[in-house]
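K.L.:
Mind looking over this structure? Questions follow.
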Amino acid sequence: MSHGVRIHSKVAPKAQEELFTDGALKFLSALHKTFESTRQTLLTAREDAQRRFDSGVPLDFPTETVHVRADPSWQCVPPAPGLEDRRVEITGPTDRKMVINALNSGAQTFMADFEDSSSPTFSNMVNGQINLRDATRRQIDFESGGKSYKLSEKPAVLIVRPRGWHLDEPRVTVDNQPLSGSIFDFALFFYHNAKELVKCGSGPYFYLPKMEHYLEARLWNDIFVFSQSYIGLPQNTIRATVLIETLPAAFQMEEILFELRNHSSGLNCGRWDYIFSFIKKRRADRSAILPDRKDVTMTVHFMDSYVRLLIQTCHRRKVAAMGGMSAQIPIKNDPKANEVAMAKVRADKLREVTAGHDGTWIAHPLIERIARAIFDEHMLGPNQYYNLRQDVKVAAADLLNTKVPGKITVDGIRENVSTCLAYTAAWVGGNGCIPINYLMEDAATAEITRVQLWQWVKYGMRADNGQLITPEYIDGFIKELAPGVQKLAPGVQEQHVKLAEDYLKLQIRKQWPSEFLTSDLMPYLAVADGVEPQFQRAQL
């Protein structure tokens, strides 16, 4: 116990001893005591907004911020060192080997992810911080199977994604309240590395996930101002890219940039979570039912509209409009199948660069050359801020358009069940990023599968064979597919598969789907880490 902070787990004693210095704990305590009440108010506001959506109030651009959108004079700060050219960004979890390989991949930047591609076991979270600390100081190495991994002379620029505002960190409490997962991840990285990053010619750079309102961006900005002052770093040194991956945020892109304008480095199309949010936020709207997730492509109207508006918004304010993830990974044992997969990657990256994106995401180092070649060919400089997309006219109706060609198929149902079971079981087992059928899947995919199955059951949809989709019908697929999960996701334990089965059965029977799978299942990780039940707010 120090400064009101209590650590409830000892799963990674060496890492914890190095991270939780008296100064770091004092910083965590100061952030919590200053900003936790605001976070809780904003989370309550999310619930209030959802009730309005459920009652039939449509999403729209905020009326109280018309002046922000109408004012052409304001711009965000220029790119910070190392963020001028972000044409290829690789993403992945913070385990040691991944960090080294990603930094050595040839990509301009590496988004080290404490969120959707990490299962937040306490060991993963604290060891991930140690790995990023060592990488910042160019002191990271790793040995496996007789092979040594070391950092190259010119590694990628590091960007860190903390967890979203909705997630608690139950292994750490301040005055007997769980700490925010966002604050935990941000604070430890910032406190231990910000000055070292500046000394190396870079800076503390972040990706901010899952925001639903511009006031949530204001909270981040307030935390940045406070934190820079706290450690004596010049104001506006921090840079943050916001993932636009919730439906409400798509209506507030200008406002989000405005709130962060002195710390902003742009917006990103978080496409998979955006589809998840599109379904979840319109859960009471029968007209918002989507077909198989493979049919919800980036070219359907509501997705294309969101992309075009994001690019236009970013370039109007002179910041990066980052593209999204192609989930395909190399298929080493089947050249023909690999060429089909890589052709999909090329088409996706070509679509992004010709639309005006300034960079794109990849999930595997071997895809870096493909993405880079396409952006090199079509970009005239380090970015496309000059492409103002003045032709774009996106109305609220475009962002809410549910016309998506496709059907609900038996194969689509089966694939959703299989993926949801495999990922959920892997996540509870401590793995937040797994390859399934040569696609690199993270929590966003599991969330789409979960809410789609719920939506199809809720509204009594029929599959392409005429079968009514009922809870019992989905139960049949669960029973059929559960035995194959351990083969689909090697290393998954039987007890975790059983938990995944029970969870999915519960979800498809609920009046409304849970907000986040990760919030629901966090208590299981907390129990494994030795946390007492009274410090776990989330529950099934």
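Identifiers for the structure tokens are assigned positionally: chains receive A, B, ... in sequence, residues are indexed from 1 per chain, and ligands are indexed from 1 in the order shown.
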Name all residues at most 7 Å from region 429-436 of chain A (count only C-alpha atoms; drop same-chain ones fewer than 3 positions away) and give them as a short mmCIF file (atom, residue, chain, number, x, y, z; two decimals) with C-alpha atoms, in the first residue's frame.
P.N.:
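Written output follows (around.cif):
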data_model
loop_
_atom_site.label_atom_id
_atom_site.label_comp_id
_atom_site.auth_asym_id
_atom_site.auth_seq_id
_atom_site.Cartn_x
_atom_site.Cartn_y
_atom_site.Cartn_z
CA ASP A 116 -7.97 -5.69 -28.30
CA SER A 117 -5.05 -7.97 -29.19
CA SER A 118 -3.99 -8.53 -25.57
CA SER A 119 -5.71 -10.64 -22.98
CA THR A 121 -3.89 -10.94 -17.48
CA ALA A 425 -11.64 -19.48 -24.82
CA ALA A 426 -8.22 -18.20 -25.93
CA LEU A 439 -6.99 -14.47 -40.39
CA MET A 440 -5.45 -12.75 -37.38
CA GLU A 441 -8.37 -12.24 -35.02
CA ASP A 442 -8.65 -10.07 -31.94
CA ALA A 443 -11.45 -9.06 -29.58
CA LEU A 488 -8.72 -24.46 -34.07
CA VAL A 492 -6.76 -23.57 -25.27
CA HIS A 496 -11.97 -22.35 -21.03
#
K.L.:
Compile the contact shell of region 286-294 of chain A as a list in words: residues with an atom at most 6 Å away, counting only C-alpha atoms, same-chain residues fewer than 6 positions apart removed.
P.N.:
Thr402, Gly406, Lys407, Ile408 and Gly412 of chain A
K.L.:
Any chance you could list, as a ChimeraX atom specification, the residues in region 165-347 of chain A that come up helix (DSSP H, G or I) when DSSP is run on the backbone?
P.N.:
/A:181-199,214-231,247-250,253-259,271-281,286-288,293-295,301-316,335-347
K.L.:
List the neighbours of region 230-239 of chain A out to 9 Å using only C-alpha atoms; skip same-chain residues closer than 6 positions along the sequence, and give me the result as a ChimeraX atom specification.
P.N.:
/A:27,77,79-80,191,194-195,198,203-207,224,260,262-266
K.L.:
So which residues touch Thr360 (chain A) within 9 Å, counting only C-alpha atoms, skipping near sequence neighbours fewer than 2 positions away, as a list in words?
P.N.:
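Listed by chain and then number, they are Arg86, Arg87, Val88, Glu89, Ile90, Asn268, Met322, Gly323, Gly324, Met325, Ser326, Lys349, Glu352, Val353, His357, Asp358, Ile362, Ala371 and Phe375 of chain A.
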K.L.:
Those same residues - N, CA, C and O atoms - I'd like them written as a short mmCIF file (atom, residue, chain, number, x, y, z; two decimals), in the first residue's frame.
P.N.:
data_model
loop_
_atom_site.label_atom_id
_atom_site.label_comp_id
_atom_site.auth_asym_id
_atom_site.auth_seq_id
_atom_site.Cartn_x
_atom_site.Cartn_y
_atom_site.Cartn_z
N ARG A 86 3.52 7.88 -41.92
CA ARG A 86 3.02 6.69 -41.21
C ARG A 86 2.37 5.73 -42.20
O ARG A 86 1.39 5.06 -41.89
N ARG A 87 2.95 5.61 -43.38
CA ARG A 87 2.25 4.88 -44.43
C ARG A 87 2.00 3.41 -44.11
O ARG A 87 1.05 2.82 -44.61
N VAL A 88 2.85 2.80 -43.29
CA VAL A 88 2.61 1.43 -42.85
C VAL A 88 2.79 1.36 -41.35
O VAL A 88 3.87 1.67 -40.83
N GLU A 89 1.74 0.95 -40.65
CA GLU A 89 1.80 0.74 -39.20
C GLU A 89 1.51 -0.73 -38.91
O GLU A 89 0.50 -1.27 -39.37
N ILE A 90 2.39 -1.36 -38.18
CA ILE A 90 2.15 -2.74 -37.76
C ILE A 90 1.59 -2.72 -36.34
O ILE A 90 1.94 -1.84 -35.54
N ASN A 268 -8.19 7.14 -36.91
CA ASN A 268 -8.01 5.84 -37.56
C ASN A 268 -9.35 5.16 -37.75
O ASN A 268 -10.23 5.25 -36.88
N MET A 322 -5.76 7.55 -40.87
CA MET A 322 -5.17 6.22 -40.96
C MET A 322 -6.20 5.17 -41.37
O MET A 322 -7.33 5.18 -40.88
N GLY A 323 -5.78 4.27 -42.25
CA GLY A 323 -6.65 3.18 -42.67
C GLY A 323 -6.66 2.06 -41.65
O GLY A 323 -6.03 2.14 -40.59
N GLY A 324 -7.36 0.99 -42.00
CA GLY A 324 -7.59 -0.08 -41.05
C GLY A 324 -6.79 -1.34 -41.33
O GLY A 324 -5.86 -1.35 -42.13
N MET A 325 -7.20 -2.40 -40.69
CA MET A 325 -6.48 -3.66 -40.70
C MET A 325 -7.01 -4.61 -41.77
O MET A 325 -8.22 -4.83 -41.86
N SER A 326 -6.10 -5.16 -42.55
CA SER A 326 -6.42 -6.34 -43.35
C SER A 326 -6.04 -7.55 -42.50
O SER A 326 -4.87 -7.70 -42.13
N LYS A 349 -5.52 -2.31 -49.62
CA LYS A 349 -4.59 -1.18 -49.46
C LYS A 349 -4.73 -0.20 -50.62
O LYS A 349 -4.60 1.02 -50.43
N GLU A 352 -7.63 1.98 -49.92
CA GLU A 352 -7.34 2.97 -48.89
C GLU A 352 -6.52 4.14 -49.43
O GLU A 352 -6.85 5.30 -49.19
N VAL A 353 -5.45 3.84 -50.14
CA VAL A 353 -4.57 4.92 -50.58
C VAL A 353 -5.25 5.80 -51.63
O VAL A 353 -5.07 7.02 -51.65
N HIS A 357 -6.27 7.92 -47.70
CA HIS A 357 -5.64 7.58 -46.42
C HIS A 357 -4.15 7.90 -46.44
O HIS A 357 -3.49 7.82 -47.49
N ASP A 358 -3.62 8.22 -45.27
CA ASP A 358 -2.20 8.56 -45.13
C ASP A 358 -1.35 7.37 -44.69
O ASP A 358 -0.12 7.47 -44.63
N ILE A 362 -1.13 -3.22 -40.71
CA ILE A 362 -0.87 -4.62 -41.05
C ILE A 362 -0.72 -5.42 -39.76
O ILE A 362 -0.41 -4.86 -38.71
N ALA A 371 2.05 -3.72 -48.52
CA ALA A 371 1.39 -2.46 -48.19
C ALA A 371 2.25 -1.26 -48.57
O ALA A 371 1.75 -0.28 -49.14
N PHE A 375 1.38 2.01 -51.21
CA PHE A 375 1.36 3.40 -50.74
C PHE A 375 2.49 4.20 -51.37
O PHE A 375 2.31 5.39 -51.69
#
K.L.:
Might you pull out every residue within 8 Å of region 308-310 of chain A, with only C-alpha atoms counted and same-chain residues fewer than 3 positions away left off, and present them as a PDB file with N, CA and C atoms, in the first residue's frame?
P.N.:
ATOM      1  N   ALA A 250     -18.405   8.500 -34.856  1.00  0.00           N
ATOM      2  CA  ALA A 250     -18.401   8.880 -36.267  1.00  0.00           C
ATOM      3  C   ALA A 250     -19.140  10.189 -36.506  1.00  0.00           C
ATOM      4  N   MET A 253     -16.370  13.396 -35.123  1.00  0.00           N
ATOM      5  CA  MET A 253     -14.949  13.376 -35.466  1.00  0.00           C
ATOM      6  C   MET A 253     -14.305  14.754 -35.337  1.00  0.00           C
ATOM      7  N   LEU A 267      -6.870  10.470 -36.838  1.00  0.00           N
ATOM      8  CA  LEU A 267      -7.919   9.494 -36.581  1.00  0.00           C
ATOM      9  C   LEU A 267      -7.640   8.231 -37.381  1.00  0.00           C
ATOM     10  N   ASN A 268      -8.195   7.142 -36.910  1.00  0.00           N
ATOM     11  CA  ASN A 268      -8.006   5.840 -37.564  1.00  0.00           C
ATOM     12  C   ASN A 268      -9.354   5.162 -37.752  1.00  0.00           C
ATOM     13  N   CYS A 269      -9.523   4.484 -38.878  1.00  0.00           N
ATOM     14  CA  CYS A 269     -10.738   3.697 -39.134  1.00  0.00           C
ATOM     15  C   CYS A 269     -10.617   2.340 -38.452  1.00  0.00           C
ATOM     16  N   ASP A 304     -18.331   2.839 -46.297  1.00  0.00           N
ATOM     17  CA  ASP A 304     -17.664   3.750 -47.219  1.00  0.00           C
ATOM     18  C   ASP A 304     -17.893   5.210 -46.812  1.00  0.00           C
ATOM     19  N   SER A 305     -19.093   5.520 -46.335  1.00  0.00           N
ATOM     20  CA  SER A 305     -19.401   6.882 -45.915  1.00  0.00           C
ATOM     21  C   SER A 305     -18.543   7.290 -44.718  1.00  0.00           C
ATOM     22  N   THR A 313     -12.375  14.919 -42.848  1.00  0.00           N
ATOM     23  CA  THR A 313     -12.246  15.605 -41.559  1.00  0.00           C
ATOM     24  C   THR A 313     -10.786  15.778 -41.162  1.00  0.00           C
ATOM     25  N   CYS A 314     -10.019  14.705 -41.270  1.00  0.00           N
ATOM     26  CA  CYS A 314      -8.610  14.770 -40.873  1.00  0.00           C
ATOM     27  C   CYS A 314      -7.828  15.751 -41.743  1.00  0.00           C
ATOM     28  N   ALA A 321      -5.115  10.608 -41.567  1.00  0.00           N
ATOM     29  CA  ALA A 321      -6.313   9.763 -41.671  1.00  0.00           C
ATOM     30  C   ALA A 321      -5.829   8.343 -41.933  1.00  0.00           C
ATOM     31  N   ALA A 355      -8.410   6.367 -51.808  1.00  0.00           N
ATOM     32  CA  ALA A 355      -9.446   7.144 -51.117  1.00  0.00           C
ATOM     33  C   ALA A 355      -8.849   8.364 -50.430  1.00  0.00           C
ATOM     34  N   ARG A 389     -10.527  16.102 -50.188  1.00  0.00           N
ATOM     35  CA  ARG A 389     -11.787  15.390 -50.437  1.00  0.00           C
ATOM     36  C   ARG A 389     -12.993  16.329 -50.320  1.00  0.00           C
ATOM     37  N   VAL A 392     -16.656  15.181 -50.923  1.00  0.00           N
ATOM     38  CA  VAL A 392     -17.387  14.318 -49.992  1.00  0.00           C
ATOM     39  C   VAL A 392     -18.530  15.084 -49.335  1.00  0.00           C
ATOM     40  N   LYS A 393     -19.705  14.511 -49.397  1.00  0.00           N
ATOM     41  CA  LYS A 393     -20.886  15.030 -48.708  1.00  0.00           C
ATOM     42  C   LYS A 393     -21.538  13.855 -47.981  1.00  0.00           C
ATOM     43  N   VAL A 394     -21.334  13.768 -46.695  1.00  0.00           N
ATOM     44  CA  VAL A 394     -21.859  12.654 -45.902  1.00  0.00           C
ATOM     45  C   VAL A 394     -22.868  13.189 -44.905  1.00  0.00           C
TER      46      VAL A 394
END
K.L.:
Compile the contact shell of Phe302 (chain A) as a JSON list (two decimals) with N, CA, C and O atoms, in the first residue's frame: residues with an atom at most 6 Å away, counting only C-alpha atoms, same-chain residues fewer than 4 positions apart removed.
P.N.:
[["chain", "number", "residue", "atom", "x", "y", "z"],
["A", 398, "ASP", "N", -26.40, 8.64, -44.35],
["A", 398, "ASP", "CA", -25.37, 7.81, -44.97],
["A", 398, "ASP", "C", -24.67, 6.93, -43.93],
["A", 398, "ASP", "O", -24.38, 5.75, -44.17],
["A", 399, "LEU", "N", -24.39, 7.50, -42.78],
["A", 399, "LEU", "CA", -23.73, 6.74, -41.71],
["A", 399, "LEU", "C", -24.64, 5.68, -41.10],
["A", 399, "LEU", "O", -24.16, 4.73, -40.46],
["A", 401, "ASN", "N", -27.09, 4.06, -42.98],
["A", 401, "ASN", "CA", -27.67, 3.26, -44.06],
["A", 401, "ASN", "C", -27.39, 1.76, -43.83],
["A", 401, "ASN", "O", -26.24, 1.35, -43.67]]
K.L.:
Choose the residue, out of A:His213, A:Arg52, A:Arg316, A:His32, that has the smallest atom-to-atom separation from Ile183 (chain A); count only C-alpha atoms.
P.N.:
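Among A:His213, A:Arg52, A:Arg316, A:His32, it is A:His32 that comes nearest to Ile183 (chain A).
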K.L.:
Out of A:Gly356, A:Gly476, A:Pro365, A:Pro62, which residue has the shortest atom-to-atom distance to Val417 (chain A) when counting only C-alpha atoms?
P.N.:
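Ranked by minimum distance to Val417 (chain A), first place goes to A:Gly476.
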K.L.:
Please identify the strand (DSSP E or B) residues within region 267-502 of chain A (assignment by DSSP from backbone atoms) and present them as an MDAnalysis selection string.
P.N.:
chainID A and resid 267:269 320:325 328 359:362 434:436 439:441 462 468
K.L.:
Between A:Arg46, A:Lys26, A:Arg317, A:Lys332, which residue has the minimum interatomic distance to Ala187 (chain A), considering only C-alpha atoms?
P.N.:
A:Lys26
K.L.:
So that I can check the surroundings of region 448-461 of chain A, please list as JSON, numbers by chain every protein, DNA and RNA residue that reaches within 9 Å of it, counting only C-alpha atoms and ignoring chain neighbours fewer than 6 positions away.
P.N.:
{"A": [272, 273, 275, 276, 277, 279, 280, 283, 286, 289, 290, 291, 292, 293, 408, 413, 415, 416, 417, 419, 420, 467, 468, 469, 470, 471, 474, 504, 507, 508, 509, 510, 511, 512, 513, 514, 517]}
K.L.:
Would you write out those residues with C-alpha atoms, as a short mmCIF file (atom, residue, chain, number, x, y, z; two decimals), in the first residue's frame?
P.N.:
data_model
loop_
_atom_site.label_atom_id
_atom_site.label_comp_id
_atom_site.auth_asym_id
_atom_site.auth_seq_id
_atom_site.Cartn_x
_atom_site.Cartn_y
_atom_site.Cartn_z
CA TRP A 272 -14.07 -4.21 -37.08
CA ASP A 273 -15.07 -2.57 -33.83
CA ILE A 275 -19.25 -2.84 -37.27
CA PHE A 276 -19.67 -4.22 -33.76
CA SER A 277 -20.73 -0.81 -32.49
CA ILE A 279 -25.03 -3.37 -34.39
CA LYS A 280 -24.82 -2.77 -30.65
CA ARG A 283 -29.80 -2.99 -30.98
CA ARG A 286 -34.98 -4.04 -36.42
CA ILE A 289 -29.98 -6.20 -39.02
CA LEU A 290 -26.88 -7.12 -41.01
CA PRO A 291 -26.16 -10.27 -43.06
CA ASP A 292 -23.10 -12.53 -42.71
CA ARG A 293 -20.12 -10.52 -41.50
CA ILE A 408 -27.70 -14.82 -43.25
CA ILE A 413 -23.85 -18.81 -38.42
CA GLU A 415 -18.42 -19.49 -38.62
CA ASN A 416 -19.62 -16.94 -36.08
CA VAL A 417 -20.15 -19.60 -33.43
CA THR A 419 -14.87 -17.96 -34.03
CA CYS A 420 -16.64 -16.67 -30.93
CA GLN A 467 -34.42 -22.34 -40.60
CA LEU A 468 -35.65 -20.01 -37.84
CA ILE A 469 -32.67 -18.85 -35.79
CA THR A 470 -33.51 -19.61 -32.16
CA PRO A 471 -31.35 -20.01 -29.05
CA ILE A 474 -27.46 -21.83 -31.97
CA LEU A 504 -22.34 -17.56 -25.65
CA GLN A 507 -25.54 -13.91 -24.46
CA ILE A 508 -27.95 -15.04 -27.17
CA ARG A 509 -30.72 -15.26 -24.57
CA LYS A 510 -30.31 -11.76 -23.11
CA GLN A 511 -32.73 -8.93 -23.78
CA TRP A 512 -29.77 -6.78 -24.83
CA PRO A 513 -26.22 -7.90 -25.54
CA SER A 514 -23.54 -7.01 -23.01
CA LEU A 517 -17.14 -9.32 -23.81
#
K.L.:
Pick the closest to Pro382 (chain A) from A:Lys10, A:Asn127, A:Gly359, A:Ala112: which is it, counting only C-alpha atoms?
P.N.:
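For Pro382 (chain A), the nearest of the candidates is A:Gly359.
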K.L.:
If I take CA of Pro248 (chain A) and CA of Lys318 (chain A), how far is one from the other in Å, to one decimal?
P.N.:
22.5 Å
K.L.:
Report, in Å to a single decimal, how far apart CA of Gly128 (chain A) and CA of Arg39 (chain A) are.
P.N.:
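Separation of CA of Arg39 (chain A) and CA of Gly128 (chain A): 24.5 Å.
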